[in-house]
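Report on the structure given below.
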Amino acid sequence: KLNSKGTVKLFRVAFADWAQYAPTAEFMDQLSRKLLLDFSTWLQTHKGNSVETAGWKCLRINALYKFALLAKAHIDPYAPAPFVRGLISRKDARVGTSQKAVAIYTEDEIRAFFAACTPYQHLVFDFFYKSAFRETEVTTLRWIDLNLTAGTATVTERPDYLFRPKNGITRTIKLPHPLVQRLIAWHKECPDQTLVFGTCNDKPDKNLLFHCKSIAKAAGIQEAFLHKFRSTAATTLLRKGLDVRTVQEFLGHKSLQATMRYLTFIRAEDMAAK
């Protein structure tokens, strides 16, 4: 079940290249970590692919491998299942390892965005903003991950949804009181749901990015994506005077360098404003 025709095309391209590289590797048990990493090198030297493009192609073959493992174990690949480890990781494939430019919403954009939301959308995206959670940390968030009495939210392993915290870092953060009150009210409306922001069938909602972009378009915001709420939260906390180490823990960053780029961004903005 691939999400779009574009995604199907990307997988087909990866499989076509794989067929050229390893025409005799027809079965999943013939795959190995070394073979996949060598495939990346081959793509760069023989196909002229960038490191990033080659990495994504390797990860698509890796995704098929994980799918096959689930099928072999007679587990429905589309149903909640235990975490399955592939042959390689994103880090191995060198995908997303380059430091991306920081993008944040302005105060005017934040006001316009939330003004265009329905009450439920306001709750969902305010949670993104105030918690600085990553997309999968929100879509797999369960009510048991919230302590509404203490006003906290925890990122931890959620095997039923194939979710593990990035870099294995479990964290608990404090939520603003107004947000907690709205979460309490929302829980009363859906007391039998497992997921906080799940679909009507209590599955992870994979359409949040689509809704985010639709709301942004209605609000006149040109560029909108979910991670931008996280970046905005990080810069907001730093501007309020929180020390970098505290913000690092709040964001769940493994290295201080990952958090420092937000501070560097703020300093660059301040210098440009002078």
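Labeling convention for the structure tokens: chains A, B, ... as they appear, residues from 1 per chain, ligands from 1 in order of appearance.
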
Residues of range 117-140 of chain A that approach range 185-203 of chain A to 12 Å or less, counting only C-alpha atoms: could you list each one with the shortest pair of atoms and its distance in Å to one decimal, rows by chain and increasing residue number, as a Markdown table?
| residue | atom | partner | partner_atom | distance |
| --- | --- | --- | --- | --- |
| A:Pro119 | CA | A:Trp186 | CA | 10.2 |
| A:Tyr120 | CA | A:Trp186 | CA | 8.6 |
| A:Gln121 | CA | A:Phe197 | CA | 9.9 |
| A:His122 | CA | A:Trp186 | CA | 11.8 |
| A:Leu123 | CA | A:Trp186 | CA | 8.8 |
| A:Val124 | CA | A:Phe197 | CA | 7.0 |
| A:Phe125 | CA | A:Phe197 | CA | 10.4 |
| A:Phe127 | CA | A:Phe197 | CA | 10.0 |
| A:Phe128 | CA | A:Phe197 | CA | 11.1 |
| A:Glu135 | CA | A:Phe197 | CA | 11.4 |
| A:Thr136 | CA | A:Phe197 | CA | 11.1 |
| A:Glu137 | CA | A:Phe197 | CA | 10.8 |
| A:Val138 | CA | A:Phe197 | CA | 7.4 |
| A:Thr139 | CA | A:Phe197 | CA | 6.3 |
| A:Thr140 | CA | A:Leu195 | CA | 6.5 |

Report as JSON lines the residues of range 100-184 of chain A within 8 Å of range 254-267 of chain A, each with its shortest atom pair and distance in Å (one decimal), using only C-alpha atoms, ordered by chain and increasing residue number.
{"residue": "A:Val102", "atom": "CA", "partner": "A:Phe265", "partner_atom": "CA", "distance": 6.8}
{"residue": "A:Asn167", "atom": "CA", "partner": "A:Lys254", "partner_atom": "CA", "distance": 6.7}
{"residue": "A:Ile169", "atom": "CA", "partner": "A:Lys254", "partner_atom": "CA", "distance": 7.4}

Residue selection dump (all heavy atoms) as a PDB file, in the first residue's frame:
ATOM      1  N   VAL A 102      17.575  25.955   8.679  1.00  0.00           N
ATOM      2  CA  VAL A 102      16.485  26.103   9.633  1.00  0.00           C
ATOM      3  C   VAL A 102      15.375  26.936   9.002  1.00  0.00           C
ATOM      4  O   VAL A 102      15.622  27.989   8.432  1.00  0.00           O
ATOM      5  CB  VAL A 102      16.984  26.772  10.928  1.00  0.00           C
ATOM      6  CG1 VAL A 102      15.815  27.068  11.865  1.00  0.00           C
ATOM      7  CG2 VAL A 102      18.015  25.892  11.621  1.00  0.00           C
ATOM      8  N   ASN A 167      17.304   7.774  17.749  1.00  0.00           N
ATOM      9  CA  ASN A 167      18.557   7.559  18.489  1.00  0.00           C
ATOM     10  C   ASN A 167      18.334   6.852  19.821  1.00  0.00           C
ATOM     11  O   ASN A 167      19.206   6.855  20.689  1.00  0.00           O
ATOM     12  CB  ASN A 167      19.284   8.894  18.730  1.00  0.00           C
ATOM     13  CG  ASN A 167      19.685   9.572  17.440  1.00  0.00           C
ATOM     14  OD1 ASN A 167      20.187   8.932  16.520  1.00  0.00           O
ATOM     15  ND2 ASN A 167      19.465  10.885  17.355  1.00  0.00           N
ATOM     16  N   ILE A 169      16.439   7.718  22.210  1.00  0.00           N
ATOM     17  CA  ILE A 169      16.333   8.665  23.319  1.00  0.00           C
ATOM     18  C   ILE A 169      14.880   8.811  23.784  1.00  0.00           C
ATOM     19  O   ILE A 169      14.029   9.324  23.054  1.00  0.00           O
ATOM     20  CB  ILE A 169      16.885  10.049  22.924  1.00  0.00           C
ATOM     21  CG1 ILE A 169      18.367   9.934  22.547  1.00  0.00           C
ATOM     22  CG2 ILE A 169      16.694  11.055  24.054  1.00  0.00           C
ATOM     23  CD1 ILE A 169      18.966  11.221  22.014  1.00  0.00           C
TER      24      ILE A 169
END

Query raised in the report: With only C-alpha atoms as the atoms that count, which of A:Leu242, A:Val51, A:Met271, A:Leu226 lies nearest to Ile104 in chain A?
Result: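 Using only C-alpha atoms, Ile104 in chain A sits closest to A:Leu226.
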
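Residues lying within 8 Å of Arg230 in chain A, counting only C-alpha atoms and ignoring same-chain neighbours fewer than 2 positions away, are A:Phe128, A:Tyr129, A:Ser131, A:Ala132, A:Phe133, A:Arg134, A:Leu226, A:His227, A:Lys228, A:Thr232, A:Ala233, A:Ala234.
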
Convert the current residue selection to file output with C-alpha atoms, as a compact mmCIF listing (two decimals), in the first residue's frame.
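Result saved to out_21.txt:
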# COMPACT_ATOMS: atom_id res chain seq x y z
CA PHE A 128 3.10 19.95 17.36
CA TYR A 129 4.11 23.53 18.20
CA SER A 131 5.65 19.88 22.33
CA ALA A 132 8.15 20.17 19.44
CA PHE A 133 7.47 16.48 18.77
CA ARG A 134 8.46 14.94 15.45
CA LEU A 226 5.20 19.73 10.13
CA HIS A 227 8.86 19.89 11.18
CA LYS A 228 8.67 23.68 10.88
CA THR A 232 9.81 27.32 15.56
CA ALA A 233 9.42 25.90 19.06
CA ALA A 234 13.18 25.44 19.41

* Could you pull out the helix (DSSP H, G or I) residues of range 111-228 of chain A from DSSP and send them as a ChimeraX atom specification? -> /A:111-115,119-131,135-139,143-145,159-161,166-168,177-189,208-219,227-228

Atoms kept (C-alpha atoms) for selection, written as a PDB file, in the first residue's frame:
ATOM      1  CA  ARG A 111      -1.489  33.589  14.181  1.00  0.00           C
ATOM      2  CA  ALA A 112      -2.829  33.237  10.630  1.00  0.00           C
ATOM      3  CA  PHE A 113      -2.364  29.462  10.627  1.00  0.00           C
ATOM      4  CA  PHE A 114      -4.265  28.839  13.845  1.00  0.00           C
ATOM      5  CA  ALA A 115      -6.975  31.308  12.862  1.00  0.00           C
ATOM      6  CA  PRO A 119     -10.973  23.368  16.878  1.00  0.00           C
ATOM      7  CA  TYR A 120      -9.580  19.848  16.393  1.00  0.00           C
ATOM      8  CA  GLN A 121      -6.923  21.016  13.929  1.00  0.00           C
ATOM      9  CA  HIS A 122      -5.977  23.762  16.362  1.00  0.00           C
ATOM     10  CA  LEU A 123      -5.405  21.141  19.063  1.00  0.00           C
ATOM     11  CA  VAL A 124      -3.336  18.854  16.825  1.00  0.00           C
ATOM     12  CA  PHE A 125      -1.037  21.507  15.437  1.00  0.00           C
ATOM     13  CA  ASP A 126      -0.761  23.379  18.721  1.00  0.00           C
ATOM     14  CA  PHE A 127       0.508  20.103  20.150  1.00  0.00           C
ATOM     15  CA  PHE A 128       3.097  19.951  17.362  1.00  0.00           C
ATOM     16  CA  TYR A 129       4.109  23.527  18.199  1.00  0.00           C
ATOM     17  CA  LYS A 130       4.156  23.363  22.000  1.00  0.00           C
ATOM     18  CA  SER A 131       5.652  19.877  22.329  1.00  0.00           C
ATOM     19  CA  GLU A 135       5.722  13.724  13.096  1.00  0.00           C
ATOM     20  CA  THR A 136       5.798  10.042  14.076  1.00  0.00           C
ATOM     21  CA  GLU A 137       6.066  11.010  17.743  1.00  0.00           C
ATOM     22  CA  VAL A 138       2.691  12.714  17.323  1.00  0.00           C
ATOM     23  CA  THR A 139       0.944  10.261  15.004  1.00  0.00           C
ATOM     24  CA  TRP A 143      -3.127   8.378  25.797  1.00  0.00           C
ATOM     25  CA  ILE A 144      -0.924   6.274  28.077  1.00  0.00           C
ATOM     26  CA  ASP A 145       2.005   8.442  26.939  1.00  0.00           C
ATOM     27  CA  PRO A 159       6.024  -1.450  19.369  1.00  0.00           C
ATOM     28  CA  ASP A 160       2.377  -1.757  18.314  1.00  0.00           C
ATOM     29  CA  TYR A 161       3.052   1.053  15.824  1.00  0.00           C
ATOM     30  CA  LYS A 166      15.062   8.555  17.320  1.00  0.00           C
ATOM     31  CA  ASN A 167      18.557   7.559  18.489  1.00  0.00           C
ATOM     32  CA  GLY A 168      16.860   5.527  21.210  1.00  0.00           C
ATOM     33  CA  HIS A 177      -1.471  24.207  31.112  1.00  0.00           C
ATOM     34  CA  PRO A 178      -3.960  25.517  28.480  1.00  0.00           C
ATOM     35  CA  LEU A 179      -2.927  22.727  26.102  1.00  0.00           C
ATOM     36  CA  VAL A 180      -3.338  20.130  28.854  1.00  0.00           C
ATOM     37  CA  GLN A 181      -6.856  21.385  29.580  1.00  0.00           C
ATOM     38  CA  ARG A 182      -7.831  21.038  25.930  1.00  0.00           C
ATOM     39  CA  LEU A 183      -6.334  17.530  25.828  1.00  0.00           C
ATOM     40  CA  ILE A 184      -8.420  16.580  28.864  1.00  0.00           C
ATOM     41  CA  ALA A 185     -11.550  17.844  27.107  1.00  0.00           C
ATOM     42  CA  TRP A 186     -10.608  15.948  23.936  1.00  0.00           C
ATOM     43  CA  HIS A 187     -10.044  12.724  25.890  1.00  0.00           C
ATOM     44  CA  LYS A 188     -13.582  12.948  27.261  1.00  0.00           C
ATOM     45  CA  GLU A 189     -14.864  13.007  23.680  1.00  0.00           C
ATOM     46  CA  LEU A 208      -1.528  15.501   8.893  1.00  0.00           C
ATOM     47  CA  LEU A 209       0.974  16.972   6.447  1.00  0.00           C
ATOM     48  CA  PHE A 210      -1.780  17.330   3.842  1.00  0.00           C
ATOM     49  CA  HIS A 211      -4.012  19.123   6.371  1.00  0.00           C
ATOM     50  CA  CYS A 212      -1.109  21.315   7.462  1.00  0.00           C
ATOM     51  CA  LYS A 213      -0.482  22.444   3.891  1.00  0.00           C
ATOM     52  CA  SER A 214      -4.198  22.983   3.223  1.00  0.00           C
ATOM     53  CA  ILE A 215      -4.561  25.183   6.305  1.00  0.00           C
ATOM     54  CA  ALA A 216      -1.417  27.099   5.409  1.00  0.00           C
ATOM     55  CA  LYS A 217      -2.724  27.716   1.894  1.00  0.00           C
ATOM     56  CA  ALA A 218      -5.993  29.074   3.295  1.00  0.00           C
ATOM     57  CA  ALA A 219      -3.981  31.290   5.660  1.00  0.00           C
ATOM     58  CA  HIS A 227       8.863  19.891  11.176  1.00  0.00           C
ATOM     59  CA  LYS A 228       8.666  23.676  10.884  1.00  0.00           C
TER      60      LYS A 228
END

- Message: I'd like the interatomic distance between CA of Lys174 in chain A and CA of Phe229 in chain A, to a tenth of an Å.
- Response: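 For CA of Lys174 in chain A relative to CA of Phe229 in chain A, the distance reads 16.8 Å.
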
CA of Leu87 in chain A to CA of Phe27 in chain A measures 14.5 Å

Mind checking DSSP for range 32-232 of chain A and telling me the strand (DSSP E or B) residues as a VMD selection string? chain A and resid 142 146 to 147 152 to 155 158 163 171 to 174 195

Expected file contents, prior selection, N, CA and C atoms, as a JSON list (two decimals), in the first residue's frame:
[["chain", "number", "residue", "atom", "x", "y", "z"],
["A", 142, "ARG", "N", 0.04, 7.84, 22.22],
["A", 142, "ARG", "CA", -1.07, 7.16, 22.88],
["A", 142, "ARG", "C", -1.47, 7.93, 24.14],
["A", 146, "LEU", "N", 0.59, 10.16, 27.89],
["A", 146, "LEU", "CA", 0.31, 11.45, 28.51],
["A", 146, "LEU", "C", -0.03, 11.26, 29.98],
["A", 147, "ASN", "N", 0.50, 12.13, 30.81],
["A", 147, "ASN", "CA", 0.09, 12.20, 32.21],
["A", 147, "ASN", "C", -0.62, 13.54, 32.35],
["A", 152, "THR", "N", 2.32, 16.17, 31.43],
["A", 152, "THR", "CA", 3.54, 15.77, 30.71],
["A", 152, "THR", "C", 3.20, 14.84, 29.53],
["A", 153, "ALA", "N", 4.12, 14.78, 28.58],
["A", 153, "ALA", "CA", 4.03, 13.87, 27.44],
["A", 153, "ALA", "C", 5.36, 13.15, 27.31],
["A", 154, "THR", "N", 5.31, 11.85, 27.03],
["A", 154, "THR", "CA", 6.52, 11.04, 26.97],
["A", 154, "THR", "C", 6.70, 10.42, 25.60],
["A", 155, "VAL", "N", 7.92, 10.48, 25.12],
["A", 155, "VAL", "CA", 8.30, 9.79, 23.89],
["A", 155, "VAL", "C", 9.02, 8.52, 24.31],
["A", 158, "ARG", "N", 7.01, 2.41, 21.06],
["A", 158, "ARG", "CA", 5.61, 2.03, 20.87],
["A", 158, "ARG", "C", 5.56, 0.90, 19.85],
["A", 163, "PHE", "N", 7.17, 1.93, 16.24],
["A", 163, "PHE", "CA", 7.85, 3.19, 16.54],
["A", 163, "PHE", "C", 8.90, 3.00, 17.62],
["A", 171, "ARG", "N", 12.20, 10.53, 26.28],
["A", 171, "ARG", "CA", 12.15, 11.81, 27.00],
["A", 171, "ARG", "C", 10.72, 12.12, 27.45],
["A", 172, "THR", "N", 10.63, 12.90, 28.50],
["A", 172, "THR", "CA", 9.34, 13.38, 29.00],
["A", 172, "THR", "C", 9.41, 14.89, 29.09],
["A", 173, "ILE", "N", 8.41, 15.56, 28.52],
["A", 173, "ILE", "CA", 8.41, 17.02, 28.53],
["A", 173, "ILE", "C", 7.16, 17.55, 29.22],
["A", 174, "LYS", "N", 7.27, 18.78, 29.69],
["A", 174, "LYS", "CA", 6.15, 19.46, 30.33],
["A", 174, "LYS", "C", 5.35, 20.22, 29.28],
["A", 195, "LEU", "N", -5.05, 6.03, 20.47],
["A", 195, "LEU", "CA", -4.21, 7.12, 19.98],
["A", 195, "LEU", "C", -4.86, 8.47, 20.28]]

Between A:Thr149, A:Trp18, A:Phe67, A:Thr235, single out the one closest to Gln248 in chain A, counting only C-alpha atoms.
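For Gln248 in chain A, the nearest of the given residues is A:Thr235.
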